[in-house]
Every structure is written in C-alpha cells, then in structure tokens.
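> Input coords.pdb, format and content: PDB, C-alpha atoms.
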```
ATOM      1  CA  MET A   1     -13.408  12.458  -3.996
ATOM      2  CA  SER A   2     -11.520   9.229  -3.584
ATOM      3  CA  LYS A   3     -12.024   5.573  -3.121
ATOM      4  CA  GLN A   4     -10.394   2.455  -4.459
ATOM      5  CA  LEU A   5     -10.819   3.590  -8.013
ATOM      6  CA  VAL A   6      -7.885   4.783 -10.114
ATOM      7  CA  LEU A   7      -6.917   4.732 -13.738
ATOM      8  CA  ALA A   8      -5.433   1.624 -15.309
ATOM      9  CA  GLY A   9      -1.680   1.117 -15.167
ATOM     10  CA  LEU A  10      -1.090   2.070 -18.756
ATOM     11  CA  VAL A  11      -3.333   5.066 -18.350
ATOM     12  CA  LEU A  12      -1.201   6.888 -15.838
ATOM     13  CA  LEU A  13       2.062   5.794 -17.391
ATOM     14  CA  ALA A  14       0.828   7.212 -20.644
ATOM     15  CA  CYS A  15      -0.137  10.434 -18.924
ATOM     16  CA  SER A  16       3.520  11.206 -18.461
ATOM     17  CA  ALA A  17       3.725  11.635 -22.205
ATOM     18  CA  SER A  18       2.508  15.195 -21.809
ATOM     19  CA  LEU A  19       5.902  16.006 -20.374
ATOM     20  CA  THR A  20       7.448  15.711 -23.822
ATOM     21  CA  ALA A  21       7.483  18.030 -26.757
ATOM     22  CA  ALA A  22       4.779  17.603 -29.390
ATOM     23  CA  LYS A  23       6.371  14.626 -31.168
ATOM     24  CA  GLY A  24       8.758  12.798 -28.886
ATOM     25  CA  GLY A  25      11.823  14.663 -27.679
ATOM     26  CA  THR A  26      12.890  15.225 -24.092
ATOM     27  CA  PRO A  27      10.645  16.078 -21.165
ATOM     28  CA  THR A  28       9.607  19.712 -20.962
ATOM     29  CA  ALA A  29       8.703  21.752 -17.891
ATOM     30  CA  GLN A  30       5.010  22.382 -18.534
ATOM     31  CA  ALA A  31       3.459  24.077 -15.551
ATOM     32  CA  GLY A  32       0.076  22.374 -15.666
ATOM     33  CA  PRO A  33      -2.975  23.579 -13.715
ATOM     34  CA  ALA A  34      -2.333  25.898 -10.779
ATOM     35  CA  GLU A  35      -2.878  24.578  -7.276
ATOM     36  CA  ARG A  36      -6.146  25.558  -5.656
ATOM     37  CA  ALA A  37      -7.213  26.027  -2.050
ATOM     38  CA  PRO A  38      -7.386  22.643  -0.286
ATOM     39  CA  VAL A  39     -10.609  20.684  -0.425
ATOM     40  CA  TYR A  40     -11.354  17.860   2.037
ATOM     41  CA  THR A  41     -13.497  14.879   1.062
ATOM     42  CA  TYR A  42     -15.193  12.168   3.113
ATOM     43  CA  VAL A  43     -15.844   8.975   1.152
ATOM     44  CA  SER A  44     -18.092   6.171   2.410
ATOM     45  CA  GLU A  45     -18.171   2.763   0.733
ATOM     46  CA  TRP A  46     -20.625  -0.040   1.436
ATOM     47  CA  THR A  47     -20.883  -3.713   0.537
ATOM     48  CA  VAL A  48     -24.659  -4.084   0.414
ATOM     49  CA  PRO A  49     -26.335  -7.507   0.099
ATOM     50  CA  ARG A  50     -27.932  -7.642  -3.365
ATOM     51  CA  ALA A  51     -31.390  -8.359  -1.938
ATOM     52  CA  MET A  52     -31.189  -5.024  -0.043
ATOM     53  CA  TRP A  53     -30.102  -2.730  -2.873
ATOM     54  CA  ALA A  54     -33.574  -1.150  -3.129
ATOM     55  CA  ASP A  55     -33.568  -0.495   0.630
ATOM     56  CA  PHE A  56     -30.122   1.079   0.386
ATOM     57  CA  LYS A  57     -31.359   3.379  -2.382
ATOM     58  CA  LYS A  58     -33.908   4.815   0.070
ATOM     59  CA  GLU A  59     -31.106   5.542   2.559
ATOM     60  CA  ASP A  60     -29.104   7.112  -0.253
ATOM     61  CA  ASP A  61     -31.997   9.371  -1.216
ATOM     62  CA  ALA A  62     -32.298  10.633   2.366
ATOM     63  CA  ASP A  63     -28.569  11.398   2.470
ATOM     64  CA  VAL A  64     -28.811  13.252  -0.845
ATOM     65  CA  GLU A  65     -31.471  15.558   0.614
ATOM     66  CA  ALA A  66     -29.205  16.281   3.590
ATOM     67  CA  MET A  67     -26.218  16.925   1.306
ATOM     68  CA  LYS A  68     -28.268  19.310  -0.846
ATOM     69  CA  LYS A  69     -28.970  21.339   2.298
ATOM     70  CA  GLY A  70     -25.269  21.212   3.174
ATOM     71  CA  VAL A  71     -24.376  22.772  -0.169
ATOM     72  CA  ALA A  72     -27.158  25.348   0.116
ATOM     73  CA  ASP A  73     -26.026  26.552   3.552
ATOM     74  CA  GLY A  74     -22.334  26.629   2.581
ATOM     75  CA  THR A  75     -21.157  23.718   4.745
ATOM     76  CA  LEU A  76     -20.368  21.574   1.682
ATOM     77  CA  MET A  77     -19.014  22.450  -1.754
ATOM     78  CA  SER A  78     -19.888  19.178  -3.512
ATOM     79  CA  PHE A  79     -21.314  15.682  -3.062
ATOM     80  CA  GLY A  80     -22.280  12.580  -4.988
ATOM     81  CA  THR A  81     -23.520   8.995  -4.715
ATOM     82  CA  PHE A  82     -22.534   6.027  -6.840
ATOM     83  CA  ALA A  83     -23.016   2.331  -7.575
ATOM     84  CA  VAL A  84     -19.928   0.272  -8.435
ATOM     85  CA  LEU A  85     -19.911  -1.442 -11.839
ATOM     86  CA  ASN A  86     -16.821  -3.681 -11.649
ATOM     87  CA  HIS A  87     -17.920  -5.723  -8.633
ATOM     88  CA  GLN A  88     -15.380  -7.772  -6.675
ATOM     89  CA  GLU A  89     -16.233 -10.360  -4.032
ATOM     90  CA  GLY A  90     -16.357  -8.670  -0.627
ATOM     91  CA  GLU A  91     -15.628  -5.206  -2.065
ATOM     92  CA  ALA A  92     -17.804  -2.100  -2.240
ATOM     93  CA  THR A  93     -21.069  -2.086  -4.191
ATOM     94  CA  HIS A  94     -22.213   1.454  -3.344
ATOM     95  CA  GLY A  95     -20.814   4.670  -1.969
ATOM     96  CA  SER A  96     -21.014   8.415  -1.547
ATOM     97  CA  TRP A  97     -18.779  11.408  -1.025
ATOM     98  CA  PHE A  98     -19.069  14.946   0.233
ATOM     99  CA  SER A  99     -16.474  17.717   0.171
ATOM    100  CA  ALA A 100     -15.825  20.904   2.129
ATOM    101  CA  THR A 101     -13.192  23.624   2.272
ATOM    102  CA  SER A 102     -12.220  22.752   5.856
ATOM    103  CA  MET A 103     -12.048  19.754   8.159
ATOM    104  CA  ALA A 104     -14.311  21.685  10.540
ATOM    105  CA  ASN A 105     -17.121  21.857   7.979
ATOM    106  CA  LEU A 106     -16.513  18.255   6.937
ATOM    107  CA  MET A 107     -16.860  17.029  10.527
ATOM    108  CA  LYS A 108     -19.833  19.308  11.180
ATOM    109  CA  PHE A 109     -21.743  17.729   8.327
ATOM    110  CA  LEU A 110     -20.623  14.203   9.217
ATOM    111  CA  GLU A 111     -21.873  14.550  12.788
ATOM    112  CA  GLY A 112     -25.220  15.717  11.447
ATOM    113  CA  LEU A 113     -25.492  12.580   9.315
ATOM    114  CA  ARG A 114     -24.464  10.303  12.167
ATOM    115  CA  ASN A 115     -27.191  11.728  14.392
ATOM    116  CA  ALA A 116     -29.913  11.704  11.733
ATOM    117  CA  PRO A 117     -32.931   9.360  11.932
ATOM    118  CA  GLY A 118     -32.219   6.089  10.129
ATOM    119  CA  ALA A 119     -28.473   6.208  10.736
ATOM    120  CA  THR A 120     -28.736   2.696  12.219
ATOM    121  CA  SER A 121     -31.265   1.225   9.765
ATOM    122  CA  PRO A 122     -31.369  -2.558   9.056
ATOM    123  CA  VAL A 123     -29.755  -2.222   5.625
ATOM    124  CA  LEU A 124     -26.812  -0.281   7.029
ATOM    125  CA  ALA A 125     -26.427  -2.736   9.881
ATOM    126  CA  ALA A 126     -26.321  -5.613   7.370
ATOM    127  CA  SER A 127     -23.698  -3.974   5.125
ATOM    128  CA  LYS A 128     -19.921  -3.917   5.430
ATOM    129  CA  HIS A 129     -18.634  -0.376   5.515
ATOM    130  CA  TRP A 130     -15.412   1.663   5.409
ATOM    131  CA  ASP A 131     -14.449   5.315   4.951
ATOM    132  CA  TYR A 132     -11.662   7.488   3.581
ATOM    133  CA  ILE A 133     -10.784  11.091   4.410
ATOM    134  CA  VAL A 134      -8.716  12.687   1.661
ATOM    135  CA  SER A 135      -7.596  16.143   0.595
ATOM    136  CA  SER A 136      -6.514  17.770  -2.646
ATOM    137  CA  THR A 137      -5.029  20.988  -3.995
ATOM    138  CA  ILE A 138      -5.287  19.769  -7.612
ATOM    139  CA  HIS A 139      -8.990  19.742  -8.434
ATOM    140  CA  ASN A 140     -11.596  21.419 -10.607
ATOM    141  CA  GLY A 141     -15.172  20.924 -11.747
ATOM    142  CA  HIS A 142     -18.208  22.415 -13.453
ATOM    143  CA  SER A 143     -20.905  23.902 -11.261
ATOM    144  CA  GLY A 144     -24.304  22.242 -11.322
ATOM    145  CA  THR A 145     -26.091  18.959 -10.699
ATOM    146  CA  PHE A 146     -25.379  15.969 -12.953
ATOM    147  CA  THR A 147     -27.034  12.564 -13.208
ATOM    148  CA  ASN A 148     -25.186  11.055 -16.191
ATOM    149  CA  GLY A 149     -21.709  10.672 -14.684
ATOM    150  CA  TYR A 150     -19.310   7.740 -14.560
ATOM    151  CA  LEU A 151     -16.844   7.818 -11.700
ATOM    152  CA  ARG A 152     -13.370   6.419 -12.277
ATOM    153  CA  VAL A 153     -10.853   6.398  -9.459
ATOM    154  CA  GLY A 154      -7.425   4.875  -9.336
ATOM    155  CA  ARG A 155      -5.207   4.100  -6.364
ATOM    156  CA  TRP A 156      -1.433   4.279  -6.879
ATOM    157  CA  PRO A 157       1.135   3.524  -4.156
ATOM    158  CA  ALA A 158       4.216   5.706  -4.308
ATOM    159  CA  LYS A 159       7.372   4.107  -5.649
ATOM    160  CA  ALA A 160      10.164   3.896  -3.070
ATOM    161  CA  GLY A 161      12.582   6.788  -3.512
ATOM    162  CA  SER A 162      10.295   8.689  -5.894
ATOM    163  CA  ASN A 163      10.694  12.439  -6.012
ATOM    164  CA  ASP A 164       8.430  15.084  -7.536
ATOM    165  CA  PRO A 165       9.088  18.464  -5.872
ATOM    166  CA  ASP A 166       5.930  20.586  -5.780
ATOM    167  CA  GLY A 167       4.147  17.953  -7.875
ATOM    168  CA  LYS A 168       5.585  19.296 -11.126
ATOM    169  CA  ILE A 169       5.473  15.961 -12.968
ATOM    170  CA  LEU A 170       1.987  15.267 -11.660
ATOM    171  CA  LYS A 171       0.665  18.661 -12.750
ATOM    172  CA  ALA A 172       2.291  18.415 -16.172
ATOM    173  CA  THR A 173       0.868  14.968 -16.856
ATOM    174  CA  ILE A 174      -2.444  13.647 -15.576
ATOM    175  CA  ALA A 175      -3.619  17.001 -14.190
ATOM    176  CA  THR A 176      -3.044  18.716 -17.538
ATOM    177  CA  ILE A 177      -4.951  15.961 -19.355
ATOM    178  CA  LEU A 178      -7.921  16.130 -16.976
ATOM    179  CA  GLU A 179      -8.005  19.929 -17.055
ATOM    180  CA  LYS A 180      -8.224  19.862 -20.858
ATOM    181  CA  LEU A 181     -10.969  17.228 -20.768
ATOM    182  CA  LEU A 182     -12.854  19.402 -18.270
ATOM    183  CA  ALA A 183     -12.535  22.413 -20.568
ATOM    184  CA  ASP A 184     -13.761  20.315 -23.502
ATOM    185  CA  GLY A 185     -16.794  19.109 -21.496
ATOM    186  CA  ALA A 186     -15.731  15.454 -21.440
ATOM    187  CA  VAL A 187     -15.591  15.360 -17.628
ATOM    188  CA  HIS A 188     -17.697  17.043 -14.952
ATOM    189  CA  SER A 189     -14.954  17.149 -12.295
ATOM    190  CA  TYR A 190     -11.589  15.739 -11.257
ATOM    191  CA  SER A 191      -9.229  15.653  -8.291
ATOM    192  CA  ILE A 192      -5.886  14.135  -7.337
ATOM    193  CA  ASP A 193      -6.107  13.176  -3.673
ATOM    194  CA  GLU A 194      -3.990  11.900  -0.818
ATOM    195  CA  GLU A 195      -5.338  10.684   2.492
ATOM    196  CA  THR A 196      -5.499  13.159   5.350
ATOM    197  CA  ILE A 197      -6.254  10.336   7.791
ATOM    198  CA  HIS A 198      -4.219   7.362   6.609
ATOM    199  CA  SER A 199      -5.774   3.951   6.061
ATOM    200  CA  GLU A 200      -3.453   3.268   3.106
ATOM    201  CA  ASP A 201       0.339   3.568   2.968
ATOM    202  CA  PRO A 202       1.515   7.223   3.184
ATOM    203  CA  GLY A 203       2.100   8.620  -0.287
ATOM    204  CA  THR A 204      -0.722   6.619  -1.873
ATOM    205  CA  MET A 205      -2.353   8.746  -4.559
ATOM    206  CA  PHE A 206      -5.954   8.652  -5.753
ATOM    207  CA  VAL A 207      -6.750  10.009  -9.222
ATOM    208  CA  VAL A 208     -10.465  10.662  -9.553
ATOM    209  CA  PHE A 209     -12.679  11.977 -12.319
ATOM    210  CA  VAL A 210     -16.372  11.934 -13.202
ATOM    211  CA  ALA A 211     -16.916  11.532 -16.946
ATOM    212  CA  ASN A 212     -19.725  13.319 -18.750
ATOM    213  CA  GLY A 213     -21.589  10.165 -19.745
ATOM    214  CA  ALA A 214     -19.981   7.030 -21.121
ATOM    215  CA  GLU A 215     -18.791   9.115 -24.067
ATOM    216  CA  GLY A 216     -16.562  10.973 -21.616
ATOM    217  CA  LEU A 217     -14.828   7.704 -20.753
ATOM    218  CA  ASP A 218     -14.114   7.139 -24.452
ATOM    219  CA  LYS A 219     -12.725  10.663 -24.806
ATOM    220  CA  PHE A 220     -10.433  10.094 -21.835
ATOM    221  CA  ASN A 221      -9.192   6.808 -23.296
ATOM    222  CA  ALA A 222      -8.643   8.474 -26.685
ATOM    223  CA  ALA A 223      -6.594  11.243 -25.074
ATOM    224  CA  ILE A 224      -4.431   8.687 -23.307
ATOM    225  CA  ASP A 225      -4.000   6.665 -26.506
ATOM    226  CA  ASP A 226      -2.942   9.766 -28.413
ATOM    227  CA  LEU A 227      -0.302  10.589 -25.826
ATOM    228  CA  ARG A 228       0.960   7.034 -25.674
ATOM    229  CA  LYS A 229       1.432   6.870 -29.434
ATOM    230  CA  ASN A 230       2.854  10.343 -30.002
ATOM    231  CA  ASN A 231       4.972  10.892 -26.876
ATOM    232  CA  PRO A 232       6.406   7.496 -25.847
ATOM    233  CA  THR A 233       9.751   8.864 -24.695
ATOM    234  CA  ALA A 234       8.213  10.456 -21.610
ATOM    235  CA  LEU A 235       6.505   7.351 -20.262
ATOM    236  CA  ALA A 236       9.346   6.803 -17.816
ATOM    237  CA  ALA A 237       8.899  10.234 -16.210
ATOM    238  CA  TYR A 238       5.641   9.330 -14.515
ATOM    239  CA  GLY A 239       6.711   5.740 -14.037
ATOM    240  CA  THR A 240       9.395   6.889 -11.601
ATOM    241  CA  LEU A 241       6.672   8.074  -9.215
ATOM    242  CA  ILE A 242       4.284   5.129  -8.932
ATOM    243  CA  ASP A 243       4.381   1.477  -7.976
ATOM    244  CA  ALA A 244       2.233  -0.266 -10.587
ATOM    245  CA  HIS A 245       2.133  -3.517  -8.578
ATOM    246  CA  GLY A 246      -0.173  -1.963  -5.997
ATOM    247  CA  HIS A 247      -2.449  -0.230  -8.498
ATOM    248  CA  ARG A 248      -6.227  -0.777  -8.368
ATOM    249  CA  ASP A 249      -9.168   0.673 -10.359
ATOM    250  CA  THR A 250     -12.904   0.956  -9.881
ATOM    251  CA  LEU A 251     -15.595   2.223 -12.230
ATOM    252  CA  ALA A 252     -18.949   3.371 -10.861
ATOM    253  CA  ARG A 253     -22.181   4.873 -12.126
ATOM    254  CA  VAL A 254     -22.920   8.199 -10.455
ATOM    255  CA  ASN A 255     -26.550   8.406  -9.370
ATOM    256  CA  THR A 256     -26.321  12.132  -8.762
ATOM    257  CA  MET A 257     -23.634  14.709  -8.013
ATOM    258  CA  THR A 258     -23.627  18.424  -7.303
ATOM    259  CA  ASN A 259     -20.747  20.917  -7.494
ATOM    260  CA  LYS A 260     -21.276  24.373  -6.043
TER     261      LYS A 260
END
```
Represent the structure contained in this file as structure tokens.


Amino acid sequence: MSKQLVLAGLVLLACSASLTAAKGGTPTAQAGPAERAPVYTYVSEWTVPRAMWADFKKEDDADVEAMKKGVADGTLMSFGTFAVLNHQEGEATHGSWFSATSMANLMKFLEGLRNAPGATSPVLAASKHWDYIVSSTIHNGHSGTFTNGYLRVGRWPAKAGSNDPDGKILKATIATILEKLLADGAVHSYSIDEETIHSEDPGTMFVVFVANGAEGLDKFNAAIDDLRKNNPTALAAYGTLIDAHGHRDTLARVNTMTNK
C-alpha cells in the first residue's frame, strides 16, 4: 500500500530511537522484523469534484465487490478503499489499493478492472487520476475485513549518499515500532514500500500503516513520543537516511479493507 502519505518528519526521526539501548547509549544492532516474500501493490488516487462524491462511492462499491472476488480466488492478498482527510488543492480526495504476491497477478486483476462495465463512467472521466506501483518485503497485517481504519502514509526521499545495507536501520527502527503496534492490536497492517515502476525519484520510501480506529493513531503517536524522550541519542541514525525537505504526509479514512 502506498500513496503520498507518510509519517511526519519528527515521527520517522524519532523512530531511529529504537536503535539505542533502553535509556540512551549508543546504537545497538537490533534485528527487527524478518523480511517476507515480496508483495506488489497498485494504488489509484483520484481528485473527485465534491458534487460527485456520492457518484464516486457507487464506483468504489463496484470495485470492492470485484476485489473481494480477487481475494477469494487467490489473485489478490489484500485491498482497501479510502477517503483523504487532509485535503490539499488539486490533490487526491479518494483512492484504493490492491496487493498481490506477483506482478502477473497484479496485472491480471488490473486488466479485469479496466475492462469492467463502468470503467469509463462520467464521474471517473471528470476526476483527475494517477497511480503508483510499489513493492515491499517489510510488511505484515491481521487477517480479516476492517471498516474502522485510518490510513497514514508518508513519502520520504532518500538523502544523497545514505547507506543502509540490507535495511538494518530501517528494520530496527520504524519496522520494529510498527510490528509491536500490530502485535498490540493498535494497527491492522503496515508496509514499507518503494516504487517498482518509478514516478518518484529512485530511493523514495513510503511508510504505510492502517490504524485500528483513531485510538490506534494515538497509540502510534505515544510510541513515537516515548522513543523521542527516552532515546534521543539515536535520532541521527535514521536521519542519515532521509531527506526531510521532500517529506509529505496524508491521512485518510479507510472505508473498508481486507487482508487474506
């Protein structure tokens, strides 16, 4: 899952605090979550005229039915739809994603959607639209269907000359935090993505999670605050990897999502 949503600047800088020992000290080599088999995600974002939001919801509902079938027959492993909350002029108001374990399955499902009735409806024709194709080996989620999620995604350009062999810093920081929040039930799913088909600068990273209700957002913020206060000496570790000047966030309400 990925779009122009990513955690606030302080958020990811603070995440690097998990590299340190319990109370300050020097960075430690925590392994973090193990890499998983790659997952590929297709993200569509739309700028829908406000007067047509109800019409777009009907299109969304039809896509959800198709995505449910995609999960049931094994083509997809997850999907979701969302409505953006922090609106920006000319930026996305709505979107959706679907994920598969291969590009072949991703394209198979996409072609089915493109050829479906209503693919050229008036509301879609009147809306600005763009897509992302991303992949991840750092991801996890609870199985099931959820309708109370809040999607938060952050986009971070890579800092020139940054170096993180095998993603060790990444796994020991933000991935470890999100994995713990998943285990505690504060988030439904998370992933750390990079584009497979580049529309952003190479190396741009997307950090994505779906909180379990608005309370999950508070729990995430509390975890970041705790790390920032108790492990300040490691802030620089993550800061060597990202260019905060190009950082952007988006928060969205998830209408529905399903993880296989």

> Please identify every residue of region 164-208 of chain A that has at least one atom no farther than 12 Å from an atom of region 63-86 of chain A, counting only C-alpha atoms, and for each give the shortest atom pair and the distance in Å to one decimal, arranged by chain then increasing number, as JSON lines.


```
{"residue": "A:His188", "atom": "CA", "partner": "A:Gly80", "partner_atom": "CA", "distance": 11.8}
{"residue": "A:Ser189", "atom": "CA", "partner": "A:Ser78", "partner_atom": "CA", "distance": 10.3}
{"residue": "A:Tyr190", "atom": "CA", "partner": "A:Ser78", "partner_atom": "CA", "distance": 11.9}
```

> Just C-alpha atoms for this one: save the residues we selected as an mmCIF file, in the frame of the given file.


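The result, stored in result_25.cif:
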```cif
data_model
loop_
_atom_site.group_PDB
_atom_site.id
_atom_site.type_symbol
_atom_site.label_atom_id
_atom_site.label_comp_id
_atom_site.auth_asym_id
_atom_site.auth_seq_id
_atom_site.Cartn_x
_atom_site.Cartn_y
_atom_site.Cartn_z
ATOM 1 C CA HIS A 188 -17.697 17.043 -14.952
ATOM 2 C CA SER A 189 -14.954 17.149 -12.295
ATOM 3 C CA TYR A 190 -11.589 15.739 -11.257
#
```

> Point out the residue among A:Ile133, A:Lys128, A:Gly90, A:Glu35 with the least atom-to-atom distance to Thr196 (chain A), counting all atoms listed in the file.

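The closest residue to Thr196 (chain A) is A:Ile133.
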
> In Å, how far is it from CA of Ile192 (chain A) to CA of Gln88 (chain A)?

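Atom-to-atom, CA of Ile192 (chain A) and CA of Gln88 (chain A) are spaced 23.9 Å apart.
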
> Given the PyMOL selection byres ((chain A and resi 43) around 6) and the file above, list the residues it selects as number ranges by chain.

A: 42, 44, 96-97, 131-132

> Restricting it to C-alpha atoms, dump the selection as a PDB file, keeping the file's coordinate frame.


```
ATOM      1  CA  TYR A  42     -15.193  12.168   3.113  1.00  0.00           C
ATOM      2  CA  SER A  44     -18.092   6.171   2.410  1.00  0.00           C
ATOM      3  CA  SER A  96     -21.014   8.415  -1.547  1.00  0.00           C
ATOM      4  CA  TRP A  97     -18.779  11.408  -1.025  1.00  0.00           C
ATOM      5  CA  ASP A 131     -14.449   5.315   4.951  1.00  0.00           C
ATOM      6  CA  TYR A 132     -11.662   7.488   3.581  1.00  0.00           C
TER       7      TYR A 132
END
```

> Counting all atoms listed in the file, select every polymer residue within 8 Å of (-17.5, 16.5, -17.4) as defined in the file's coordinates, and provide the selection as a PDB file with C-alpha atoms, keeping the file's coordinate frame.


```pdb
ATOM      1  CA  GLY A 141     -15.172  20.924 -11.747  1.00  0.00           C
ATOM      2  CA  HIS A 142     -18.208  22.415 -13.453  1.00  0.00           C
ATOM      3  CA  GLY A 149     -21.709  10.672 -14.684  1.00  0.00           C
ATOM      4  CA  LEU A 181     -10.969  17.228 -20.768  1.00  0.00           C
ATOM      5  CA  LEU A 182     -12.854  19.402 -18.270  1.00  0.00           C
ATOM      6  CA  GLY A 185     -16.794  19.109 -21.496  1.00  0.00           C
ATOM      7  CA  ALA A 186     -15.731  15.454 -21.440  1.00  0.00           C
ATOM      8  CA  VAL A 187     -15.591  15.360 -17.628  1.00  0.00           C
ATOM      9  CA  HIS A 188     -17.697  17.043 -14.952  1.00  0.00           C
ATOM     10  CA  SER A 189     -14.954  17.149 -12.295  1.00  0.00           C
ATOM     11  CA  VAL A 210     -16.372  11.934 -13.202  1.00  0.00           C
ATOM     12  CA  ALA A 211     -16.916  11.532 -16.946  1.00  0.00           C
ATOM     13  CA  ASN A 212     -19.725  13.319 -18.750  1.00  0.00           C
ATOM     14  CA  GLY A 213     -21.589  10.165 -19.745  1.00  0.00           C
ATOM     15  CA  GLY A 216     -16.562  10.973 -21.616  1.00  0.00           C
TER      16      GLY A 216
END
```

> Compare A:Lys108, A:Lys57, A:His139, A:Lys180 by their minimum atom-to-atom distance to Thr256 (chain A), counting all atoms listed in the file, and give me the closest one.

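The answer is A:Lys57, which sits nearest to Thr256 (chain A).
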
> What is the distance between CA of Pro33 (chain A) and CA of Glu215 (chain A), in Å to one decimal?

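Interatomic distance, CA of Pro33 (chain A) to CA of Glu215 (chain A): 23.8 Å.
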
> On this structure, the PyMOL selection byres ((chain A and resi 175) around 9) would catch which residues? List them as a ChimeraX atom specification, sorted by chain and number.

/A:15,32-33,138-139,170-174,176-180,190-192

> So, with all atoms listed in the file as the atoms that count, which of A:Asp184, A:Asp164, A:Arg155, A:Ala214 lies closest to His247 (chain A)?

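Counting all atoms listed in the file, the residue closest to His247 (chain A) is A:Arg155.
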
> Rounded to one decimal place, report the CA of His129 (chain A)-CA of Ala92 (chain A) distance in Å.

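One can read the CA of His129 (chain A) to CA of Ala92 (chain A) distance as 8.0 Å.
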
> Which is closer to Thr41 (chain A) than all the others in A:Pro122, A:Ser127, A:Ser135, A:Lys58, using all atoms listed in the file?

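Closest residue, counting all atoms listed in the file: A:Ser135.
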
> Which one of A:Val39, A:Glu91, A:Ala158, A:Trp53 sits closest to Asn105 (chain A) if you count all atoms listed in the file?

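Distance minimum relative to Asn105 (chain A) lands on A:Val39.
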
> Which one is closest to Gly203 (chain A): A:Lys168, A:Lys159, A:Arg50, A:His245? Count only C-alpha atoms.

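Of all the options, A:Lys159 lies closest to Gly203 (chain A).
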
> If you take every atom of region 57-64 of chain A that the file lists and fit an axis-aligned box around them with 5 Å extra on each side, what centre and edge lengths come out in Å to one decimal, as JSON?


```
{"center_x": -31.2, "center_y": 8.3, "center_z": 0.1, "size_x": 15.3, "size_y": 19.9, "size_z": 14.9}
```

> Taking the file above as input, evaluate the PyMOL selection byres ((chain A and resi 49) around 9) and report the hits as a tab-separated table (two decimals) with C-alpha atoms, in the coordinates of the input.


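The result, stored in out.tsv:
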```
chain	number	residue	atom	x	y	z
A	47	THR	CA	-20.88	-3.71	0.54
A	48	VAL	CA	-24.66	-4.08	0.41
A	50	ARG	CA	-27.93	-7.64	-3.36
A	51	ALA	CA	-31.39	-8.36	-1.94
A	52	MET	CA	-31.19	-5.02	-0.04
A	53	TRP	CA	-30.10	-2.73	-2.87
A	93	THR	CA	-21.07	-2.09	-4.19
A	123	VAL	CA	-29.76	-2.22	5.62
A	126	ALA	CA	-26.32	-5.61	7.37
A	127	SER	CA	-23.70	-3.97	5.12
```
